[in-house]
file protein08.cif (mmCIF, C-alpha atoms; chains and numbers go by the auth columns)
data_target
loop_
_atom_site.group_PDB
_atom_site.id
_atom_site.type_symbol
_atom_site.label_atom_id
_atom_site.label_comp_id
_atom_site.label_asym_id
_atom_site.label_seq_id
_atom_site.Cartn_x
_atom_site.Cartn_y
_atom_site.Cartn_z
_atom_site.B_iso_or_equiv
_atom_site.auth_seq_id
_atom_site.auth_asym_id
ATOM 1 C CA PHE A 1 60.012 -42.609 25.639 0.00 1 Y
ATOM 2 C CA PRO A 2 60.972 -40.058 23.002 0.00 2 Y
ATOM 3 C CA MET A 3 63.915 -41.960 21.569 0.00 3 Y
ATOM 4 C CA LEU A 4 63.138 -40.764 18.041 0.00 4 Y
ATOM 5 C CA LEU A 5 62.997 -37.156 19.221 0.00 5 Y
ATOM 6 C CA GLY A 6 66.464 -37.668 20.710 0.00 6 Y
ATOM 7 C CA LEU A 7 67.692 -38.622 17.247 0.00 7 Y
ATOM 8 C CA VAL A 8 66.205 -35.439 15.780 0.00 8 Y
ATOM 9 C CA LEU A 9 67.735 -33.246 18.489 0.00 9 Y
ATOM 10 C CA TYR A 10 71.129 -34.920 18.110 0.00 10 Y
ATOM 11 C CA TYR A 11 71.246 -34.082 14.412 0.00 11 Y
ATOM 12 C CA ALA A 12 69.854 -30.612 15.081 0.00 12 Y
ATOM 13 C CA LEU A 13 72.659 -29.866 17.537 0.00 13 Y
ATOM 14 C CA LEU A 14 75.551 -31.691 15.863 0.00 14 Y
ATOM 15 C CA GLY A 15 74.537 -32.441 12.284 0.00 15 Y
ATOM 16 C CA THR A 16 73.743 -30.604 9.097 0.00 16 Y
ATOM 17 C CA ARG A 17 70.441 -28.978 8.227 0.00 17 Y
ATOM 18 C CA SER A 18 69.560 -31.740 5.757 0.00 18 Y
ATOM 19 C CA GLN A 19 70.300 -34.431 8.357 0.00 19 Y
ATOM 20 C CA THR A 20 67.998 -32.623 10.780 0.00 20 Y
ATOM 21 C CA LEU A 21 65.186 -32.368 8.225 0.00 21 Y
ATOM 22 C CA TRP A 22 65.445 -36.014 7.183 0.00 22 Y
ATOM 23 C CA ALA A 23 65.644 -37.193 10.784 0.00 23 Y
ATOM 24 C CA ALA A 24 62.554 -35.148 11.708 0.00 24 Y
ATOM 25 C CA LEU A 25 60.554 -36.389 8.724 0.00 25 Y
ATOM 26 C CA LEU A 26 61.422 -40.055 9.105 0.00 26 Y
ATOM 27 C CA ALA A 27 61.257 -40.157 12.912 0.00 27 Y
ATOM 28 C CA GLY A 28 57.883 -38.411 12.851 0.00 28 Y
ATOM 29 C CA LEU A 29 56.458 -40.797 10.266 0.00 29 Y
ATOM 30 C CA VAL A 30 57.640 -43.825 12.257 0.00 30 Y
ATOM 31 C CA SER A 31 56.194 -42.349 15.447 0.00 31 Y
ATOM 32 C CA ASP A 32 52.850 -41.596 13.771 0.00 32 Y
ATOM 33 C CA ALA A 33 52.708 -45.085 12.272 0.00 33 Y
ATOM 34 C CA LEU A 34 53.200 -46.641 15.719 0.00 34 Y
ATOM 35 C CA GLU A 35 50.571 -44.472 17.408 0.00 35 Y
ATOM 36 C CA LEU A 36 46.977 -43.527 16.665 0.00 36 Y
ATOM 37 C CA VAL A 37 47.924 -40.144 15.231 0.00 37 Y
ATOM 38 C CA PRO A 38 47.331 -39.062 11.623 0.00 38 Y
ATOM 39 C CA LEU A 39 50.484 -39.250 9.533 0.00 39 Y
ATOM 40 C CA GLY A 40 52.406 -36.010 9.500 0.00 40 Y
ATOM 41 C CA TYR A 41 51.417 -34.529 12.867 0.00 41 Y
ATOM 42 C CA THR A 42 54.511 -35.694 14.696 0.00 42 Y
ATOM 43 C CA SER A 43 56.758 -35.026 11.700 0.00 43 Y
ATOM 44 C CA PHE A 44 55.617 -31.408 11.720 0.00 44 Y
ATOM 45 C CA ALA A 45 56.188 -31.134 15.473 0.00 45 Y
ATOM 46 C CA TYR A 46 59.629 -32.786 15.243 0.00 46 Y
ATOM 47 C CA LEU A 47 60.557 -30.486 12.370 0.00 47 Y
ATOM 48 C CA LEU A 48 59.702 -27.407 14.442 0.00 48 Y
ATOM 49 C CA ALA A 49 61.636 -28.792 17.419 0.00 49 Y
ATOM 50 C CA GLY A 50 64.662 -29.560 15.255 0.00 50 Y
ATOM 51 C CA LEU A 51 64.663 -26.115 13.672 0.00 51 Y
ATOM 52 C CA ALA A 52 64.336 -24.457 17.080 0.00 52 Y
ATOM 53 C CA ALA A 53 67.273 -26.501 18.412 0.00 53 Y
ATOM 54 C CA ARG A 54 69.354 -25.584 15.328 0.00 54 Y
ATOM 55 C CA HIS A 55 68.594 -21.926 15.967 0.00 55 Y
ATOM 56 C CA PHE A 56 70.212 -22.099 19.413 0.00 56 Y
ATOM 57 C CA ARG A 57 73.027 -24.535 18.662 0.00 57 Y
ATOM 58 C CA GLU A 58 75.687 -21.831 18.289 0.00 58 Y
ATOM 59 C CA VAL A 59 75.012 -20.386 21.757 0.00 59 Y
ATOM 60 C CA VAL A 60 74.840 -23.636 23.760 0.00 60 Y
ATOM 61 C CA MET A 61 77.349 -26.362 24.515 0.00 61 Y
ATOM 62 C CA ALA A 62 75.929 -28.898 22.096 0.00 62 Y
ATOM 63 C CA ARG A 63 77.742 -31.940 23.502 0.00 63 Y
ATOM 64 C CA GLN A 64 76.853 -31.412 27.178 0.00 64 Y
ATOM 65 C CA TRP A 65 74.316 -33.724 28.793 0.00 65 Y
ATOM 66 C CA THR A 66 72.693 -30.762 30.533 0.00 66 Y
ATOM 67 C CA THR A 67 71.948 -29.180 27.159 0.00 67 Y
ATOM 68 C CA HIS A 68 70.443 -32.452 25.975 0.00 68 Y
ATOM 69 C CA LEU A 69 68.375 -32.663 29.164 0.00 69 Y
ATOM 70 C CA LEU A 70 66.920 -29.152 28.799 0.00 70 Y
ATOM 71 C CA PHE A 71 66.352 -29.387 25.052 0.00 71 Y
ATOM 72 C CA GLY A 72 64.818 -32.850 25.447 0.00 72 Y
ATOM 73 C CA ALA A 73 62.387 -31.720 28.131 0.00 73 Y
ATOM 74 C CA ALA A 74 61.366 -28.591 26.238 0.00 74 Y
ATOM 75 C CA ALA A 75 61.115 -30.299 22.843 0.00 75 Y
ATOM 76 C CA HIS A 76 59.139 -33.293 24.067 0.00 76 Y
ATOM 77 C CA ALA A 77 56.715 -31.108 26.034 0.00 77 Y
ATOM 78 C CA GLY A 78 56.353 -28.801 23.028 0.00 78 Y
ATOM 79 C CA THR A 79 55.793 -31.574 20.505 0.00 79 Y
ATOM 80 C CA THR A 80 53.297 -33.278 22.805 0.00 80 Y
ATOM 81 C CA ALA A 81 51.382 -30.023 23.300 0.00 81 Y
ATOM 82 C CA LEU A 82 51.401 -29.280 19.558 0.00 82 Y
ATOM 83 C CA CYS A 83 50.124 -32.752 18.654 0.00 83 Y
ATOM 84 C CA PHE A 84 47.441 -32.423 21.351 0.00 84 Y
ATOM 85 C CA VAL A 85 46.266 -29.107 19.889 0.00 85 Y
ATOM 86 C CA LEU A 86 46.309 -30.533 16.355 0.00 86 Y
ATOM 87 C CA LEU A 87 44.229 -33.488 17.514 0.00 87 Y
ATOM 88 C CA LEU A 88 41.743 -31.133 19.194 0.00 88 Y
ATOM 89 C CA GLN A 89 41.332 -29.253 15.905 0.00 89 Y
ATOM 90 C CA SER A 90 40.633 -32.441 13.947 0.00 90 Y
ATOM 91 C CA ASP A 91 37.506 -34.532 14.191 0.00 91 Y
ATOM 92 C CA ARG A 92 39.260 -37.246 16.192 0.00 92 Y
ATOM 93 C CA PRO A 93 37.954 -38.150 19.634 0.00 93 Y
ATOM 94 C CA ALA A 94 39.555 -35.555 21.869 0.00 94 Y
ATOM 95 C CA LEU A 95 41.158 -36.015 25.228 0.00 95 Y
ATOM 96 C CA SER A 96 40.208 -33.797 28.118 0.00 96 Y
ATOM 97 C CA TRP A 97 42.323 -30.750 28.903 0.00 97 Y
ATOM 98 C CA ALA A 98 43.375 -32.325 32.203 0.00 98 Y
ATOM 99 C CA THR A 99 44.639 -35.405 30.374 0.00 99 Y
ATOM 100 C CA GLY A 100 46.473 -33.210 27.876 0.00 100 Y
ATOM 101 C CA LEU A 101 48.173 -31.208 30.612 0.00 101 Y
ATOM 102 C CA GLY A 102 49.116 -34.435 32.372 0.00 102 Y
ATOM 103 C CA ARG A 103 50.701 -35.737 29.193 0.00 103 Y
ATOM 104 C CA VAL A 104 52.657 -32.521 28.695 0.00 104 Y
ATOM 105 C CA ALA A 105 53.904 -32.707 32.299 0.00 105 Y
ATOM 106 C CA GLY A 106 54.917 -36.320 31.775 0.00 106 Y
ATOM 107 C CA ALA A 107 56.644 -35.314 28.535 0.00 107 Y
ATOM 108 C CA LEU A 108 58.870 -32.937 30.493 0.00 108 Y
ATOM 109 C CA VAL A 109 60.105 -35.843 32.575 0.00 109 Y
ATOM 110 C CA THR A 110 60.482 -38.439 29.827 0.00 110 Y
ATOM 111 C CA GLY A 111 62.145 -35.951 27.477 0.00 111 Y
ATOM 112 C CA SER A 112 64.697 -35.032 30.117 0.00 112 Y
ATOM 113 C CA LEU A 113 65.495 -38.721 30.664 0.00 113 Y
ATOM 114 C CA ALA A 114 65.524 -40.139 27.140 0.00 114 Y
ATOM 115 C CA VAL A 115 67.183 -37.445 25.037 0.00 115 Y
ATOM 116 C CA PRO A 116 70.486 -37.287 27.002 0.00 116 Y
ATOM 117 C CA LEU A 117 70.670 -41.074 26.808 0.00 117 Y
ATOM 118 C CA VAL A 118 70.104 -41.146 23.038 0.00 118 Y
ATOM 119 C CA CYS A 119 72.509 -38.268 22.363 0.00 119 Y
ATOM 120 C CA GLY A 120 75.196 -39.844 24.546 0.00 120 Y
ATOM 121 C CA LEU A 121 74.867 -43.185 22.780 0.00 121 Y
ATOM 122 C CA LEU A 122 74.993 -41.546 19.347 0.00 122 Y
ATOM 123 C CA LEU A 123 78.102 -39.553 20.293 0.00 123 Y
ATOM 124 C CA LYS A 124 79.783 -42.735 21.486 0.00 124 Y
ATOM 125 C CA LEU A 125 78.732 -44.584 18.312 0.00 125 Y
ATOM 126 C CA GLU A 126 80.097 -41.872 16.029 0.00 126 Y
ATOM 127 C CA ARG A 127 83.399 -41.765 17.897 0.00 127 Y
ATOM 128 C CA THR A 128 83.657 -45.565 17.732 0.00 128 Y
ATOM 129 C CA LEU A 129 83.029 -45.496 13.974 0.00 129 Y
ATOM 130 C CA GLY A 130 85.631 -42.779 13.476 0.00 130 Y
ATOM 131 C CA HIS A 131 83.222 -39.943 12.670 0.00 131 Y
ATOM 132 C CA ARG A 132 83.776 -36.582 14.256 0.00 132 Y
ATOM 133 C CA PRO A 133 80.752 -34.536 15.290 0.00 133 Y
ATOM 134 C CA ARG A 134 80.594 -30.875 14.268 0.00 134 Y
ATOM 135 C CA GLU A 135 82.247 -29.382 17.378 0.00 135 Y
ATOM 136 C CA GLU A 136 85.239 -31.743 17.218 0.00 136 Y
ATOM 137 C CA SER A 137 86.084 -30.865 13.608 0.00 137 Y
ATOM 138 C CA THR A 138 89.131 -28.697 13.097 0.00 138 Y
#

call {"tool": "encode", "arguments": {"input": "protein08.cif", "output": "structure tokens"}}
result
Amino acid sequence: FPMLLGLVLYYALLGTRSQTLWAALLAGLVSDALELVPLGYTSFAYLLAGLAARHFREVVMARQWTTHLLFGAAAHAGTTALCFVLLLQSDRPALSWATGLGRVAGALVTGSLAVPLVCGLLLKLERTLGHRPREEST
């Protein structure tokens, strides 16, 4: 489940640019360390996803679960596809195209499930701690 991607998207939609960049870098490194992916592949993909989400954050309702669902599905499918292409370009043992497409399709589903959950929990945590996300600031 893309729990770490949910963290990146949360900060992309409701945080500052530096929070987004740090979240993408650290979440990607942790994800790469836990998987059999060269370090930096997922960080690069998460960084692109975070910057894309920041680009659209002024025209979407950033605290709505439907926004989190759509951004989560698109970002997880995009990061999975990008990492798959990067792995194909390297000298690592490659997966078949059918397997890659299956993983991207599965990423659509898992991204749409996990990211709204993570964003909702982080919103609740910040409210409990007394922090106010960007849209609630006066």

call {"tool": "resolve_selection", "arguments": {"input": "protein08.cif", "expression": "the PyMOL selection byres ((chain Y and resi 49) around 8)", "output": "NGL selection string"}}
result
:Y and (9 or 45-48 or 50-53 or 75 or 78-79)

call {"tool": "atom_distance", "arguments": {"input": "protein08.cif", "atom1": "atom CA of Y:Ser43", "atom2": "atom CA of Y:His76"}}
result
12.7 Å

call {"tool": "resolve_selection", "arguments": {"input": "protein08.cif", "expression": "the PyMOL selection byres ((chain Y and resi 87) around 12)", "output": "list in words"}}
result
Leu36, Val37, Pro38, Leu39, Gly40, Tyr41, Thr42, Thr80, Ala81, Leu82, Cys83, Phe84, Val85, Leu86, Leu88, Gln89, Ser90, Asp91, Arg92, Pro93, Ala94, Leu95, Ser96, Trp97 and Gly100 of chain Y

call {"tool": "atom_distance", "arguments": {"input": "protein08.cif", "atom1": "atom CA of Y:Phe71", "atom2": "atom CA of Y:Leu108"}}
result
9.9 Å

call {"tool": "closest_residue", "arguments": {"input": "protein08.cif", "among": "Y:Thr16, Y:Phe1, Y:Ala114, Y:Val109", "to": "Y:His68", "atoms": "only C-alpha atoms"}}
result
Y:Ala114

call {"tool": "atom_distance", "arguments": {"input": "protein08.cif", "atom1": "atom CA of Y:Ala77", "atom2": "atom CA of Y:Leu122"}}
result
22.1 Å

call {"tool": "residues_near_point", "arguments": {"input": "protein08.cif", "point": "(66.6, -41.9, 21.7)", "cutoff": "6 Å", "atoms": "all atoms listed in the file", "output": "JSON, numbers by chain"}}
result
{"Y": [3, 4, 6, 7, 114, 115, 118]}

call {"tool": "build_atoms", "arguments": {"input": "protein08.cif", "residues": "stretch 96-118 of chain Y", "atoms": "N, CA and C atoms", "output": "mmCIF file, in the frame of the given file"}}
result
data_model
loop_
_atom_site.group_PDB
_atom_site.id
_atom_site.type_symbol
_atom_site.label_atom_id
_atom_site.label_comp_id
_atom_site.auth_asym_id
_atom_site.auth_seq_id
_atom_site.Cartn_x
_atom_site.Cartn_y
_atom_site.Cartn_z
ATOM 1 N N SER Y 96 40.557 -34.946 27.290
ATOM 2 C CA SER Y 96 40.208 -33.797 28.118
ATOM 3 C C SER Y 96 41.439 -32.917 28.291
ATOM 4 N N TRP Y 97 41.217 -31.657 28.673
ATOM 5 C CA TRP Y 97 42.323 -30.750 28.903
ATOM 6 C C TRP Y 97 43.207 -31.231 30.050
ATOM 7 N N ALA Y 98 42.597 -31.819 31.067
ATOM 8 C CA ALA Y 98 43.375 -32.325 32.203
ATOM 9 C C ALA Y 98 44.306 -33.451 31.752
ATOM 10 N N THR Y 99 43.808 -34.326 30.898
ATOM 11 C CA THR Y 99 44.639 -35.405 30.374
ATOM 12 C C THR Y 99 45.773 -34.843 29.522
ATOM 13 N N GLY Y 100 45.456 -33.843 28.713
ATOM 14 C CA GLY Y 100 46.473 -33.210 27.876
ATOM 15 C C GLY Y 100 47.559 -32.550 28.696
ATOM 16 N N LEU Y 101 47.177 -31.842 29.741
ATOM 17 C CA LEU Y 101 48.173 -31.208 30.612
ATOM 18 C C LEU Y 101 49.004 -32.248 31.353
ATOM 19 N N GLY Y 102 48.374 -33.346 31.735
ATOM 20 C CA GLY Y 102 49.116 -34.435 32.372
ATOM 21 C C GLY Y 102 50.132 -35.048 31.434
ATOM 22 N N ARG Y 103 49.759 -35.182 30.169
ATOM 23 C CA ARG Y 103 50.701 -35.737 29.193
ATOM 24 C C ARG Y 103 51.863 -34.786 28.928
ATOM 25 N N VAL Y 104 51.577 -33.495 28.895
ATOM 26 C CA VAL Y 104 52.657 -32.521 28.695
ATOM 27 C C VAL Y 104 53.603 -32.534 29.897
ATOM 28 N N ALA Y 105 53.056 -32.627 31.101
ATOM 29 C CA ALA Y 105 53.904 -32.707 32.299
ATOM 30 C C ALA Y 105 54.747 -33.973 32.282
ATOM 31 N N GLY Y 106 54.152 -35.082 31.893
ATOM 32 C CA GLY Y 106 54.917 -36.320 31.775
ATOM 33 C C GLY Y 106 55.968 -36.243 30.684
ATOM 34 N N ALA Y 107 55.685 -35.480 29.623
ATOM 35 C CA ALA Y 107 56.644 -35.314 28.535
ATOM 36 C C ALA Y 107 57.881 -34.556 28.994
ATOM 37 N N LEU Y 108 57.707 -33.637 29.933
ATOM 38 C CA LEU Y 108 58.870 -32.937 30.493
ATOM 39 C C LEU Y 108 59.834 -33.921 31.142
ATOM 40 N N VAL Y 109 59.275 -34.868 31.869
ATOM 41 C CA VAL Y 109 60.105 -35.843 32.575
ATOM 42 C C VAL Y 109 60.737 -36.833 31.607
ATOM 43 N N THR Y 110 59.930 -37.427 30.728
ATOM 44 C CA THR Y 110 60.482 -38.439 29.827
ATOM 45 C C THR Y 110 61.462 -37.837 28.825
ATOM 46 N N GLY Y 111 61.211 -36.606 28.385
ATOM 47 C CA GLY Y 111 62.145 -35.951 27.477
ATOM 48 C C GLY Y 111 63.485 -35.683 28.134
ATOM 49 N N SER Y 112 63.443 -35.308 29.415
ATOM 50 C CA SER Y 112 64.697 -35.032 30.117
ATOM 51 C C SER Y 112 65.466 -36.306 30.442
ATOM 52 N N LEU Y 113 64.812 -37.449 30.415
ATOM 53 C CA LEU Y 113 65.495 -38.721 30.664
ATOM 54 C C LEU Y 113 66.013 -39.368 29.385
ATOM 55 N N ALA Y 114 65.198 -39.375 28.343
ATOM 56 C CA ALA Y 114 65.524 -40.139 27.140
ATOM 57 C C ALA Y 114 66.510 -39.433 26.218
ATOM 58 N N VAL Y 115 66.350 -38.148 26.020
ATOM 59 C CA VAL Y 115 67.183 -37.445 25.037
ATOM 60 C C VAL Y 115 68.663 -37.445 25.422
ATOM 61 N N PRO Y 116 69.047 -37.188 26.678
ATOM 62 C CA PRO Y 116 70.486 -37.287 27.002
ATOM 63 C C PRO Y 116 71.040 -38.696 26.777
ATOM 64 N N LEU Y 117 70.236 -39.696 27.046
ATOM 65 C CA LEU Y 117 70.670 -41.074 26.808
ATOM 66 C C LEU Y 117 70.915 -41.318 25.323
ATOM 67 N N VAL Y 118 69.976 -40.935 24.484
ATOM 68 C CA VAL Y 118 70.104 -41.146 23.038
ATOM 69 C C VAL Y 118 71.288 -40.357 22.485
#
